[in-house]
file start11.pdb (PDB, C-alpha atoms and all ligand atoms)
ATOM      1  CA  MET F 406      -2.197   2.556  24.634
ATOM      2  CA  ARG F 407       1.242   3.306  23.264
ATOM      3  CA  TYR F 408       0.751   6.946  22.531
ATOM      4  CA  THR F 409       1.253   9.334  25.334
ATOM      5  CA  ALA F 410       0.350  12.848  26.170
ATOM      6  CA  THR F 411       3.454  14.562  27.453
ATOM      7  CA  LEU F 412       3.344  17.647  29.506
ATOM      8  CA  LEU F 413       5.789  19.891  27.706
ATOM      9  CA  ALA F 414       5.849  22.939  29.843
ATOM     10  CA  VAL F 415       4.149  24.064  32.941
ATOM     11  CA  THR F 416       4.602  27.720  33.692
ATOM     12  CA  ALA F 417       3.228  28.965  36.901
ATOM     13  CA  MET F 418       3.287  32.664  37.504
ATOM     14  CA  ALA F 419       1.746  34.817  40.174
ATOM     15  CA  GLY F 420      -1.655  33.239  40.336
ATOM     16  CA  THR F 421      -1.916  32.112  36.650
ATOM     17  CA  THR F 422      -0.965  28.796  35.107
ATOM     18  CA  THR F 423      -0.217  28.270  31.435
ATOM     19  CA  LEU F 424      -0.211  24.707  30.114
ATOM     20  CA  ALA F 425       1.291  23.687  26.795
ATOM     21  CA  HIS F 426       0.675  20.077  25.904
ATOM     22  CA  ALA F 427       2.582  18.149  23.291
ATOM     23  CA  GLU F 428       1.145  14.857  22.207
ATOM     24  CA  THR F 429       3.208  12.131  20.584
ATOM     25  CA  TRP F 430       1.705   9.724  18.072
ATOM     26  CA  ASP F 431       3.579   6.600  16.998
ATOM     27  CA  MET F 432       2.987   5.754  13.338
ATOM     28  CA  PRO F 433       3.741   2.139  12.377
ATOM     29  CA  MET F 434       4.636   1.625   8.712
ATOM     30  CA  ALA F 435       5.538  -1.606   6.912
ATOM     31  CA  TYR F 436       8.214  -0.633   4.391
ATOM     32  CA  PRO F 437      11.914   0.317   4.667
ATOM     33  CA  ALA F 438      12.970   3.773   5.897
ATOM     34  CA  SER F 439      14.439   4.559   2.462
ATOM     35  CA  ASN F 440      11.215   3.693   0.593
ATOM     36  CA  TYR F 441       9.374   6.721  -0.808
ATOM     37  CA  HIS F 442       6.177   5.825   1.101
ATOM     38  CA  THR F 443       8.097   5.997   4.359
ATOM     39  CA  GLU F 444       9.952   9.167   3.375
ATOM     40  CA  ASN F 445       6.616  10.691   2.422
ATOM     41  CA  GLY F 446       5.224   9.664   5.822
ATOM     42  CA  GLU F 447       8.138  11.536   7.416
ATOM     43  CA  LEU F 448       7.274  14.659   5.426
ATOM     44  CA  PHE F 449       3.651  14.291   6.500
ATOM     45  CA  ALA F 450       4.757  14.084  10.138
ATOM     46  CA  GLN F 451       6.912  17.185   9.709
ATOM     47  CA  CYS F 452       4.014  19.038   8.086
ATOM     48  CA  VAL F 453       1.778  18.216  11.067
ATOM     49  CA  ALA F 454       4.471  19.287  13.540
ATOM     50  CA  ASP F 455       4.911  22.605  11.700
ATOM     51  CA  ALA F 456       1.182  23.254  11.338
ATOM     52  CA  THR F 457       0.504  22.548  15.013
ATOM     53  CA  GLU F 458       3.625  24.320  16.328
ATOM     54  CA  ASN F 459       4.856  20.977  17.594
ATOM     55  CA  SER F 460       1.799  20.270  19.711
ATOM     56  CA  LEU F 461       1.358  16.975  17.814
ATOM     57  CA  GLU F 462       4.518  15.009  17.108
ATOM     58  CA  ILE F 463       4.105  11.994  14.815
ATOM     59  CA  ILE F 464       6.950   9.488  14.982
ATOM     60  CA  THR F 465       7.208   7.054  12.061
ATOM     61  CA  HIS F 466       8.395   3.471  12.621
ATOM     62  CA  ALA F 467       9.588   1.887   9.367
ATOM     63  CA  ASN F 468       9.799  -1.687   8.136
ATOM     64  CA  GLY F 469       7.226  -3.273  10.413
ATOM     65  CA  SER F 470       9.408  -2.475  13.449
ATOM     66  CA  LEU F 471       6.548  -1.390  15.734
ATOM     67  CA  PHE F 472       3.846  -3.670  14.316
ATOM     68  CA  ALA F 473       4.347  -6.171  11.484
ATOM     69  CA  GLY F 474       2.623  -5.056   8.277
ATOM     70  CA  ASN F 475      -0.284  -7.402   8.688
ATOM     71  CA  ASP F 476      -0.936  -6.213  12.263
ATOM     72  CA  ILE F 477      -0.888  -2.468  11.619
ATOM     73  CA  LYS F 478      -4.539  -2.021  10.697
ATOM     74  CA  ARG F 479      -5.837  -3.885  13.714
ATOM     75  CA  ALA F 480      -3.429  -1.997  15.974
ATOM     76  CA  VAL F 481      -4.862   1.316  14.774
ATOM     77  CA  GLN F 482      -8.477   0.115  14.950
ATOM     78  CA  THR F 483      -8.028  -0.924  18.552
ATOM     79  CA  GLY F 484      -6.052   2.174  19.571
ATOM     80  CA  GLN F 485      -2.765   0.389  20.220
ATOM     81  CA  ALA F 486      -1.399   2.855  17.680
ATOM     82  CA  PRO F 487      -3.146   6.178  16.935
ATOM     83  CA  ILE F 488      -2.137   6.280  13.246
ATOM     84  CA  GLY F 489      -0.552   3.905  10.754
ATOM     85  CA  GLU F 490       0.039   3.035   7.123
ATOM     86  CA  ARG F 491      -1.082  -0.186   5.476
ATOM     87  CA  LEU F 492      -1.383  -1.769   2.052
ATOM     88  CA  ILE F 493      -5.161  -1.621   1.960
ATOM     89  CA  SER F 494      -5.725  -4.514  -0.478
ATOM     90  CA  ALA F 495      -4.110  -6.858   2.050
ATOM     91  CA  HIS F 496      -7.423  -6.487   3.915
ATOM     92  CA  ALA F 497      -9.727  -7.426   1.026
ATOM     93  CA  ASN F 498     -10.616 -10.539   3.022
ATOM     94  CA  GLU F 499     -12.387  -8.235   5.543
ATOM     95  CA  ASN F 500     -14.213  -6.334   2.821
ATOM     96  CA  PRO F 501     -13.745  -6.886  -0.936
ATOM     97  CA  LEU F 502     -13.949  -3.104  -1.453
ATOM     98  CA  PHE F 503     -10.445  -2.848   0.020
ATOM     99  CA  GLY F 504      -9.310  -4.772  -3.073
ATOM    100  CA  ILE F 505     -10.613  -2.245  -5.622
ATOM    101  CA  ASP F 506      -7.050  -1.147  -6.445
ATOM    102  CA  SER F 507      -5.957  -4.731  -7.243
ATOM    103  CA  VAL F 508      -8.576  -5.780  -9.752
ATOM    104  CA  PRO F 509      -6.216  -6.842 -12.567
ATOM    105  CA  PHE F 510      -5.953  -4.479 -15.539
ATOM    106  CA  LEU F 511      -8.727  -2.189 -14.301
ATOM    107  CA  ALA F 512      -6.370   0.750 -13.594
ATOM    108  CA  THR F 513      -2.817   0.280 -14.845
ATOM    109  CA  SER F 514      -1.387   3.818 -14.970
ATOM    110  CA  PHE F 515      -0.951   6.506 -12.306
ATOM    111  CA  GLU F 516      -3.598   8.578 -13.999
ATOM    112  CA  ASP F 517      -6.166   5.760 -13.992
ATOM    113  CA  SER F 518      -5.225   4.784 -10.455
ATOM    114  CA  ASP F 519      -6.066   8.344  -9.361
ATOM    115  CA  ARG F 520      -9.348   8.307 -11.277
ATOM    116  CA  LEU F 521     -10.347   4.958  -9.799
ATOM    117  CA  TRP F 522      -9.465   6.086  -6.295
ATOM    118  CA  ALA F 523     -11.414   9.325  -6.745
ATOM    119  CA  VAL F 524     -14.610   7.395  -7.490
ATOM    120  CA  ALA F 525     -13.936   4.792  -4.769
ATOM    121  CA  GLU F 526     -12.718   7.084  -1.986
ATOM    122  CA  ASP F 527     -16.046   7.953  -0.339
ATOM    123  CA  THR F 528     -17.126   4.317  -0.198
ATOM    124  CA  ILE F 529     -13.754   3.194   1.176
ATOM    125  CA  ASN F 530     -13.836   5.993   3.749
ATOM    126  CA  SER F 531     -17.192   4.894   5.080
ATOM    127  CA  VAL F 532     -16.023   1.276   5.351
ATOM    128  CA  LEU F 533     -12.974   2.504   7.270
ATOM    129  CA  GLU F 534     -15.149   4.676   9.477
ATOM    130  CA  ASP F 535     -17.281   1.669  10.404
ATOM    131  CA  GLN F 536     -14.024   0.070  11.551
ATOM    132  CA  ASN F 537     -13.218   2.998  13.855
ATOM    133  CA  LEU F 538     -10.722   4.507  11.387
ATOM    134  CA  VAL F 539     -10.364   7.954   9.844
ATOM    135  CA  TYR F 540      -8.904   8.081   6.324
ATOM    136  CA  ILE F 541      -5.975  10.492   6.092
ATOM    137  CA  TYR F 542      -4.264   9.876   2.729
ATOM    138  CA  SER F 543      -3.253   7.277   0.215
ATOM    139  CA  VAL F 544      -0.322   6.800  -2.187
ATOM    140  CA  PRO F 545      -0.051   4.160  -4.927
ATOM    141  CA  TRP F 546       2.827   1.811  -5.642
ATOM    142  CA  PRO F 547       4.227   1.731  -9.190
ATOM    143  CA  PRO F 548       2.604  -0.737 -11.631
ATOM    144  CA  GLN F 549       2.973  -4.369 -10.667
ATOM    145  CA  GLY F 550       5.113  -6.778 -12.686
ATOM    146  CA  LEU F 551       6.221 -10.385 -12.438
ATOM    147  CA  TYR F 552       9.534 -11.352 -10.839
ATOM    148  CA  VAL F 553      10.747 -14.890 -11.465
ATOM    149  CA  ASN F 554      13.878 -17.029 -11.383
ATOM    150  CA  LYS F 555      13.845 -18.075 -15.056
ATOM    151  CA  GLU F 556      12.636 -17.028 -18.488
ATOM    152  CA  VAL F 557       8.861 -17.392 -18.722
ATOM    153  CA  ASP F 558       6.925 -17.273 -22.005
ATOM    154  CA  SER F 559       3.574 -18.652 -20.928
ATOM    155  CA  VAL F 560       1.583 -19.471 -17.823
ATOM    156  CA  GLU F 561       2.558 -23.102 -18.269
ATOM    157  CA  ASP F 562       6.157 -22.102 -17.489
ATOM    158  CA  LEU F 563       4.974 -20.885 -14.079
ATOM    159  CA  SER F 564       3.346 -24.138 -13.073
ATOM    160  CA  GLY F 565       4.332 -25.380  -9.619
ATOM    161  CA  ILE F 566       6.488 -22.359  -8.744
ATOM    162  CA  LYS F 567       6.403 -21.140  -5.139
ATOM    163  CA  PHE F 568       4.910 -17.677  -5.361
ATOM    164  CA  ARG F 569       5.067 -14.930  -2.756
ATOM    165  CA  ALA F 570       1.639 -13.275  -2.353
ATOM    166  CA  TYR F 571       0.811 -10.032  -0.495
ATOM    167  CA  ASN F 572      -2.984  -9.905  -0.828
ATOM    168  CA  ALA F 573      -5.980 -11.904  -2.041
ATOM    169  CA  ALA F 574      -5.487 -10.875  -5.685
ATOM    170  CA  THR F 575      -1.875 -12.075  -5.817
ATOM    171  CA  SER F 576      -2.918 -15.373  -4.169
ATOM    172  CA  ARG F 577      -5.711 -15.798  -6.690
ATOM    173  CA  ILE F 578      -3.375 -15.197  -9.652
ATOM    174  CA  ALA F 579      -1.035 -17.811  -8.237
ATOM    175  CA  GLU F 580      -3.896 -20.295  -8.039
ATOM    176  CA  LEU F 581      -5.126 -19.535 -11.556
ATOM    177  CA  ALA F 582      -1.573 -19.952 -12.884
ATOM    178  CA  GLY F 583      -1.018 -23.244 -11.053
ATOM    179  CA  MET F 584       1.563 -21.741  -8.705
ATOM    180  CA  VAL F 585       1.788 -22.287  -4.964
ATOM    181  CA  PRO F 586       1.022 -19.060  -3.061
ATOM    182  CA  VAL F 587       2.675 -18.169   0.232
ATOM    183  CA  GLN F 588       1.778 -14.924   2.010
ATOM    184  CA  ILE F 589       4.908 -12.941   2.931
ATOM    185  CA  GLU F 590       5.365  -9.349   4.097
ATOM    186  CA  ALA F 591       7.758  -7.113   2.141
ATOM    187  CA  ALA F 592      10.013  -6.912   5.214
ATOM    188  CA  GLU F 593      10.573 -10.688   4.946
ATOM    189  CA  LEU F 594      10.820 -10.862   1.162
ATOM    190  CA  SER F 595      14.621 -10.924   0.687
ATOM    191  CA  HIS F 596      14.938 -13.687   3.213
ATOM    192  CA  ALA F 597      12.118 -15.724   1.651
ATOM    193  CA  LEU F 598      13.753 -15.477  -1.775
ATOM    194  CA  ALA F 599      17.238 -16.250  -0.465
ATOM    195  CA  THR F 600      16.030 -19.355   1.346
ATOM    196  CA  GLY F 601      13.878 -20.642  -1.525
ATOM    197  CA  VAL F 602      10.573 -20.158   0.301
ATOM    198  CA  ALA F 603       9.449 -18.312  -2.850
ATOM    199  CA  ASP F 604      10.865 -18.145  -6.393
ATOM    200  CA  ALA F 605       8.463 -15.638  -7.942
ATOM    201  CA  PHE F 606       6.198 -12.753  -6.975
ATOM    202  CA  ILE F 607       4.258  -9.827  -8.357
ATOM    203  CA  SER F 608       5.204  -6.360  -7.150
ATOM    204  CA  SER F 609       6.608  -2.994  -8.189
ATOM    205  CA  GLY F 610      10.111  -2.043  -9.225
ATOM    206  CA  SER F 611      10.210  -0.182  -5.933
ATOM    207  CA  THR F 612       9.917  -3.294  -3.777
ATOM    208  CA  GLY F 613      12.251  -5.206  -6.131
ATOM    209  CA  VAL F 614      14.926  -2.585  -5.527
ATOM    210  CA  ASP F 615      14.231  -2.380  -1.767
ATOM    211  CA  SER F 616      14.645  -6.165  -1.562
ATOM    212  CA  LYS F 617      17.715  -6.386  -3.861
ATOM    213  CA  VAL F 618      15.805  -9.022  -5.762
ATOM    214  CA  TRP F 619      18.673  -9.550  -8.223
ATOM    215  CA  GLU F 620      20.466 -11.478  -5.506
ATOM    216  CA  SER F 621      17.918 -14.296  -5.970
ATOM    217  CA  LEU F 622      15.865 -13.809  -9.151
ATOM    218  CA  THR F 623      16.718 -13.214 -12.804
ATOM    219  CA  HIS F 624      13.699 -11.826 -14.698
ATOM    220  CA  PHE F 625      11.218  -8.975 -14.373
ATOM    221  CA  TYR F 626       8.247  -8.807 -16.747
ATOM    222  CA  ASP F 627       6.559  -5.402 -16.829
ATOM    223  CA  VAL F 628       2.986  -6.730 -16.769
ATOM    224  CA  ARG F 629       1.415  -3.571 -15.251
ATOM    225  CA  ALA F 630      -1.350  -5.539 -13.623
ATOM    226  CA  TRP F 631      -2.493  -2.794 -11.194
ATOM    227  CA  LEU F 632      -1.205  -0.116  -8.786
ATOM    228  CA  PRO F 633      -1.999  -1.111  -5.197
ATOM    229  CA  ARG F 634      -2.207   1.582  -2.534
ATOM    230  CA  ASN F 635      -0.929   2.271   0.907
ATOM    231  CA  VAL F 636      -3.508   4.051   3.029
ATOM    232  CA  VAL F 637      -2.733   6.106   6.122
ATOM    233  CA  PHE F 638      -5.532   6.093   8.676
ATOM    234  CA  ALA F 639      -5.976   7.247  12.240
ATOM    235  CA  ASN F 640      -7.826   5.709  15.145
ATOM    236  CA  LYS F 641     -11.168   7.510  15.249
ATOM    237  CA  ASP F 642     -11.243   7.990  19.022
ATOM    238  CA  ALA F 643      -7.697   9.361  19.076
ATOM    239  CA  PHE F 644      -8.499  11.667  16.155
ATOM    240  CA  GLU F 645     -11.702  12.956  17.699
ATOM    241  CA  ALA F 646      -9.932  13.645  20.979
ATOM    242  CA  LEU F 647      -7.807  16.270  19.193
ATOM    243  CA  ASP F 648      -8.918  19.898  18.937
ATOM    244  CA  ALA F 649     -10.450  21.021  15.635
ATOM    245  CA  ASP F 650      -7.330  22.866  14.444
ATOM    246  CA  THR F 651      -5.134  19.836  14.953
ATOM    247  CA  GLN F 652      -7.621  17.582  13.166
ATOM    248  CA  GLN F 653      -7.650  20.013  10.254
ATOM    249  CA  ALA F 654      -3.841  20.135  10.200
ATOM    250  CA  ILE F 655      -3.723  16.337   9.895
ATOM    251  CA  LEU F 656      -6.275  16.325   7.069
ATOM    252  CA  ASP F 657      -4.559  19.170   5.193
ATOM    253  CA  CYS F 658      -1.098  17.650   5.574
ATOM    254  CA  GLY F 659      -2.619  14.321   4.498
ATOM    255  CA  ALA F 660      -4.079  15.821   1.312
ATOM    256  CA  GLU F 661      -0.667  17.279   0.529
ATOM    257  CA  ALA F 662       1.127  14.010   1.319
ATOM    258  CA  GLY F 663      -1.257  12.051  -0.939
ATOM    259  CA  ALA F 664      -0.514  14.337  -3.896
ATOM    260  CA  GLU F 665       3.228  14.603  -3.222
ATOM    261  CA  GLY F 666       3.666  10.867  -2.656
ATOM    262  CA  THR F 667       1.806  10.027  -5.847
ATOM    263  CA  ALA F 668       3.962  12.423  -7.866
ATOM    264  CA  LYS F 669       7.066  10.900  -6.303
ATOM    265  CA  ALA F 670       5.961   7.359  -7.197
ATOM    266  CA  ALA F 671       5.436   8.339 -10.835
ATOM    267  CA  GLU F 672       8.784  10.125 -10.939
ATOM    268  CA  LEU F 673      10.673   7.128  -9.526
ATOM    269  CA  THR F 674       9.027   4.339 -11.549
ATOM    270  CA  ALA F 675      11.342   4.169 -14.590
ATOM    271  CA  GLY F 676      14.475   4.458 -12.457
ATOM    272  CA  TYR F 677      13.543   1.388 -10.408
ATOM    273  CA  LEU F 678      13.408  -0.742 -13.549
ATOM    274  CA  GLU F 679      16.769   0.691 -14.642
ATOM    275  CA  THR F 680      18.248  -0.264 -11.288
ATOM    276  CA  LEU F 681      16.983  -3.848 -11.704
ATOM    277  CA  ALA F 682      18.618  -4.022 -15.161
ATOM    278  CA  GLU F 683      21.862  -2.426 -13.937
ATOM    279  CA  ASN F 684      22.083  -5.166 -11.374
ATOM    280  CA  GLY F 685      21.869  -7.855 -14.031
ATOM    281  CA  MET F 686      18.176  -8.675 -14.254
ATOM    282  CA  GLU F 687      16.432  -9.224 -17.583
ATOM    283  CA  VAL F 688      13.799  -6.490 -17.617
ATOM    284  CA  GLY F 689      11.233  -6.427 -20.388
ATOM    285  CA  ASP F 690       7.676  -6.840 -21.546
ATOM    286  CA  PRO F 691       5.860 -10.162 -21.218
ATOM    287  CA  SER F 692       5.421 -12.300 -24.342
ATOM    288  CA  ASP F 693       2.119 -11.885 -26.186
ATOM    289  CA  GLN F 694       1.014 -15.269 -24.904
ATOM    290  CA  LEU F 695       1.791 -14.469 -21.280
ATOM    291  CA  ARG F 696       0.076 -11.109 -21.612
ATOM    292  CA  GLU F 697      -3.060 -12.721 -23.074
ATOM    293  CA  GLU F 698      -3.162 -15.416 -20.427
ATOM    294  CA  PHE F 699      -2.820 -12.821 -17.672
ATOM    295  CA  ALA F 700      -5.561 -10.759 -19.331
ATOM    296  CA  GLY F 701      -7.798 -13.842 -19.119
ATOM    297  CA  PHE F 702      -7.088 -14.098 -15.371
ATOM    298  CA  GLY F 703      -7.975 -10.424 -15.175
ATOM    299  CA  GLU F 704     -11.394 -11.036 -16.705
ATOM    300  CA  THR F 705     -12.117 -13.908 -14.340
ATOM    301  CA  MET F 706     -10.979 -11.904 -11.329
ATOM    302  CA  THR F 707     -12.942  -8.805 -12.329
ATOM    303  CA  GLU F 708     -16.131 -10.898 -12.447
ATOM    304  CA  GLU F 709     -15.270 -12.501  -9.116
ATOM    305  CA  TRP F 710     -14.586  -9.127  -7.542
ATOM    306  CA  ILE F 711     -17.838  -7.564  -8.716
ATOM    307  CA  GLU F 712     -19.715 -10.608  -7.436
ATOM    308  CA  ALA F 713     -17.997 -10.346  -4.039
ATOM    309  CA  ALA F 714     -18.160  -6.551  -3.676
ATOM    310  CA  GLY F 715     -21.853  -6.344  -4.582
ATOM    311  CA  GLU F 716     -23.703  -3.156  -5.474
ATOM    312  CA  ASP F 717     -21.145  -0.757  -4.002
ATOM    313  CA  GLY F 718     -18.375  -2.393  -6.019
ATOM    314  CA  GLN F 719     -20.447  -2.469  -9.168
ATOM    315  CA  ALA F 720     -21.226   1.240  -8.756
ATOM    316  CA  ILE F 721     -17.532   2.139  -8.406
ATOM    317  CA  ILE F 722     -16.542   0.200 -11.513
ATOM    318  CA  GLU F 723     -19.412   1.661 -13.547
ATOM    319  CA  ALA F 724     -18.606   5.212 -12.473
ATOM    320  CA  TYR F 725     -14.930   4.662 -13.305
ATOM    321  CA  ARG F 726     -15.644   3.155 -16.716
ATOM    322  CA  ALA F 727     -18.219   5.834 -17.575
ATOM    323  CA  GLU F 728     -15.673   8.649 -17.292
TER     324      GLU F 728
HETATM  325  N1  LIG L 801       5.187  -3.416  -2.917
HETATM  326  C1  LIG L 801       4.511  -4.018  -1.808
HETATM  327  C2  LIG L 801       3.069  -3.999  -2.151
HETATM  328  C3  LIG L 801       2.994  -3.606  -3.571
HETATM  329  C4  LIG L 801       4.360  -3.190  -3.926
HETATM  330  O1  LIG L 801       4.693  -2.688  -4.987
HETATM  331  C5  LIG L 801       4.918  -5.437  -1.589
HETATM  332  O2  LIG L 801       5.411  -6.097  -2.498
HETATM  333  O3  LIG L 801       4.692  -5.932  -0.480
END
call {"tool": "encode", "arguments": {"input": "start11.pdb", "output": "structure tokens", "more": "lines below"}}
Ligand code: PCA
result
Amino acid sequence: MRYTATLLAVTAMAGTTTLAHAETWDMPMAYPASNYHTENGELFAQCVADATENSLEIITHANGSLFAGNDIKRAVQTGQAPIGERLISAHANENPLFGIDSVPFLATSFEDSDRLWAVAEDTINSVLEDQNLVYIYSVPWPPQGLYVNKEVDSVEDLSGIKFRAYNAATSRIAELAGMVPVQIEAAELSHALATGVADAFISSGSTGVDSKVWESLTHFYDVRAWLPRNVVFANKDAFEALDADTQQAILDCGAEAGAEGTAKAAELTAGYLETLAENGMEVGDPSDQLREEFAGFGETMTEEWIEAAGEDGQAIIEAYRAE
């Protein structure tokens, strides 16, 4: 195990011994230190340190530096890391419910993303719990648009393009559009674009700015396909080994971090697209044809998702749509 219990102070006085333990938790994260998810993780760590009078110190590790993005969830499940943050839809292959946030055009605004998550949260939590994880908080990414290296008016224009995917939904869109999907972590994205491993992808303005996408690509179409989420979870054994006050501090700081991070994402969204444009990219809405063709993919993928996710998935979508 990488996390360690450090003996902070041992005070021995005339027959009595006072022990103050400080525990350190490493927190692997997949995105750059300057990304708002990572900054929010830092604030969460500070909140926990303050609330526990420094008896639990959480140390964030940005950009996949401790574990690569795709390895973070397993690392936390197995206790190699006590806590971590991961793009949950990247694990829809383990359980389709993890892909609820990436069903195209189901929830396309921050408000709807929150509503969808509110109806899905209990089900997701119990799936996580079965995997030895405790849900702490979640923060969405801004709406997802299409980055590409040329003007695109229809799906036909995308045919044959090498497309960077980050989860099952992005791979499936690539397939439906006749593109060639290749799974690449955000930390490797700039390099993949610079070396021609990929010439298009779907993501937020946030990741476009983080990756200085204008160095390789020319167009961003604001498709608003969905708002995927990062989820912070803890290893259940590590969490349960903490005293009740510390557990509560983590949950309370998590609730605060979820709300604060979501507000931050909404606040930053427009500025990211401005930054893309300032750096020379064509930023705009998709053509009517492209929008309609993507909507058709959305219908197909919604049916496929409900089929794969079964009754639990169906119940979430019905509850969301009934509101
Ligand atoms: N950025 C992450 C996931 C979604 C997003 O907006 C990425 O592209 O890897």
call {"tool": "axis_aligned_box", "arguments": {"input": "start11.pdb", "around": "ligand LIG 801 (chain L)", "padding_each_side": "6 Å", "output": "lines of an AutoDock Vina configuration file"}}
result
center_x = 4.2
center_y = -4.4
center_z = -2.7
size_x = 14.4
size_y = 15.4
size_z = 16.5
call {"tool": "residues_around", "arguments": {"input": "start11.pdb", "residues": "F:Tyr626", "least_positions_apart": "3", "cutoff": "10 Å", "atoms": "only C-alpha atoms", "output": "mmCIF file with C-alpha atoms, in the frame of the given file"}}
result
data_model
loop_
_atom_site.group_PDB
_atom_site.id
_atom_site.type_symbol
_atom_site.label_atom_id
_atom_site.label_comp_id
_atom_site.auth_asym_id
_atom_site.auth_seq_id
_atom_site.Cartn_x
_atom_site.Cartn_y
_atom_site.Cartn_z
ATOM 1 C CA GLN F 549 2.973 -4.369 -10.667
ATOM 2 C CA GLY F 550 5.113 -6.778 -12.686
ATOM 3 C CA LEU F 551 6.221 -10.385 -12.438
ATOM 4 C CA TYR F 552 9.534 -11.352 -10.839
ATOM 5 C CA VAL F 553 10.747 -14.890 -11.465
ATOM 6 C CA GLU F 556 12.636 -17.028 -18.488
ATOM 7 C CA VAL F 557 8.861 -17.392 -18.722
ATOM 8 C CA ILE F 607 4.258 -9.827 -8.357
ATOM 9 C CA ARG F 629 1.415 -3.571 -15.251
ATOM 10 C CA GLU F 687 16.432 -9.224 -17.583
ATOM 11 C CA VAL F 688 13.799 -6.490 -17.617
ATOM 12 C CA GLY F 689 11.233 -6.427 -20.388
ATOM 13 C CA ASP F 690 7.676 -6.840 -21.546
ATOM 14 C CA PRO F 691 5.860 -10.162 -21.218
ATOM 15 C CA SER F 692 5.421 -12.300 -24.342
ATOM 16 C CA LEU F 695 1.791 -14.469 -21.280
ATOM 17 C CA ARG F 696 0.076 -11.109 -21.612
#
call {"tool": "residues_around", "arguments": {"input": "start11.pdb", "residues": "F:Gly504", "least_positions_apart": "2", "cutoff": "8 Å", "atoms": "all atoms listed in the file", "output": "PDB file with C-alpha atoms, in the frame of the given file"}}
result
ATOM      1  CA  ILE F 493      -5.161  -1.621   1.960  1.00  0.00           C
ATOM      2  CA  SER F 494      -5.725  -4.514  -0.478  1.00  0.00           C
ATOM      3  CA  ALA F 495      -4.110  -6.858   2.050  1.00  0.00           C
ATOM      4  CA  HIS F 496      -7.423  -6.487   3.915  1.00  0.00           C
ATOM      5  CA  ALA F 497      -9.727  -7.426   1.026  1.00  0.00           C
ATOM      6  CA  ASN F 500     -14.213  -6.334   2.821  1.00  0.00           C
ATOM      7  CA  PRO F 501     -13.745  -6.886  -0.936  1.00  0.00           C
ATOM      8  CA  LEU F 502     -13.949  -3.104  -1.453  1.00  0.00           C
ATOM      9  CA  ASP F 506      -7.050  -1.147  -6.445  1.00  0.00           C
ATOM     10  CA  SER F 507      -5.957  -4.731  -7.243  1.00  0.00           C
ATOM     11  CA  VAL F 508      -8.576  -5.780  -9.752  1.00  0.00           C
ATOM     12  CA  ALA F 573      -5.980 -11.904  -2.041  1.00  0.00           C
ATOM     13  CA  ALA F 574      -5.487 -10.875  -5.685  1.00  0.00           C
TER      14      ALA F 574
END
call {"tool": "atom_distance", "arguments": {"input": "start11.pdb", "atom1": "atom CA of F:Thr513", "atom2": "atom CA of F:Ile655"}}
result
29.5 Å
call {"tool": "residues_around", "arguments": {"input": "start11.pdb", "residues": "F:Glu679", "least_positions_apart": "6", "cutoff": "10 Å", "atoms": "only C-alpha atoms", "output": "mmCIF file with C-alpha atoms, in the frame of the given file"}}
result
data_model
loop_
_atom_site.group_PDB
_atom_site.id
_atom_site.type_symbol
_atom_site.label_atom_id
_atom_site.label_comp_id
_atom_site.auth_asym_id
_atom_site.auth_seq_id
_atom_site.Cartn_x
_atom_site.Cartn_y
_atom_site.Cartn_z
ATOM 1 C CA GLY F 610 10.111 -2.043 -9.225
ATOM 2 C CA VAL F 614 14.926 -2.585 -5.527
ATOM 3 C CA GLY F 685 21.869 -7.855 -14.031
ATOM 4 C CA MET F 686 18.176 -8.675 -14.254
ATOM 5 C CA VAL F 688 13.799 -6.490 -17.617
#
call {"tool": "atom_distance", "arguments": {"input": "start11.pdb", "atom1": "atom CA of F:Ala591", "atom2": "atom CA of F:Glu661"}}
result
25.9 Å
call {"tool": "residues_near_ligand", "arguments": {"input": "start11.pdb", "ligand": "ligand LIG 801 (chain L)", "cutoff": "9 Å", "atoms": "only C-alpha atoms and all ligand atoms", "output": "VMD selection string"}}
result
chain F and resid 435 to 436 492 494 to 495 545 to 550 569 to 572 589 to 592 594 606 to 613 632 to 635
call {"tool": "resolve_selection", "arguments": {"input": "start11.pdb", "expression": "the PyMOL selection byres (((chain F and resi 478) around 12) and not hetatm)", "output": "JSON, numbers by chain"}}
result
{"F": [432, 433, 434, 435, 469, 472, 473, 474, 475, 476, 477, 479, 480, 481, 482, 483, 484, 485, 486, 487, 488, 489, 490, 491, 492, 493, 494, 495, 496, 499, 533, 536, 537, 538, 539, 540, 635, 636, 637, 638, 639, 640]}
call {"tool": "resolve_selection", "arguments": {"input": "start11.pdb", "expression": "the PyMOL selection byres (((chain F and resi 622) around 8) and not hetatm)", "output": "list in words"}}
result
Tyr552, Val553, Asn554, Lys555, Leu598, Asp604, Ala605, Val618, Trp619, Glu620, Ser621, Thr623, His624 and Met686 of chain F
call {"tool": "resolve_selection", "arguments": {"input": "start11.pdb", "expression": "the PyMOL selection byres (((chain F and resi 726) around 12) and not hetatm)", "output": "list in words"}}
result
Leu511, Ala512, Asp517, Arg520, Leu521, Val524, Gln719, Ala720, Ile721, Ile722, Glu723, Ala724, Tyr725, Ala727 and Glu728 of chain F
call {"tool": "atom_distance", "arguments": {"input": "start11.pdb", "atom1": "atom CA of F:Val453", "atom2": "atom CA of F:Ile529"}}
result
23.8 Å
call {"tool": "residues_near_point", "arguments": {"input": "start11.pdb", "point": "(-1.4, -11.6, -14.0)", "cutoff": "8 Å", "atoms": "all atoms listed in the file", "output": "ChimeraX atom specification"}}
result
/F:509,551,578,628,630,696,698-700,702-703
call {"tool": "closest_residue", "arguments": {"input": "start11.pdb", "among": "F:Glu704, F:Thr667, F:Gly565, F:Ala714", "to": "F:Val544", "atoms": "all atoms listed in the file"}}
result
F:Thr667
call {"tool": "decode", "arguments": {"input": "start11.pdb", "residues": "stretch 453-457 of chain F", "atoms": "C-alpha atoms", "output": "compact mmCIF listing (two decimals), in the first residue's frame"}}
result
# COMPACT_ATOMS: atom_id res chain seq x y z
CA VAL F 453 -10.29 17.75 4.90
CA ALA F 454 -7.01 18.88 6.47
CA ASP F 455 -8.76 21.84 8.14
CA ALA F 456 -11.74 19.79 9.32
CA THR F 457 -9.54 17.08 10.81
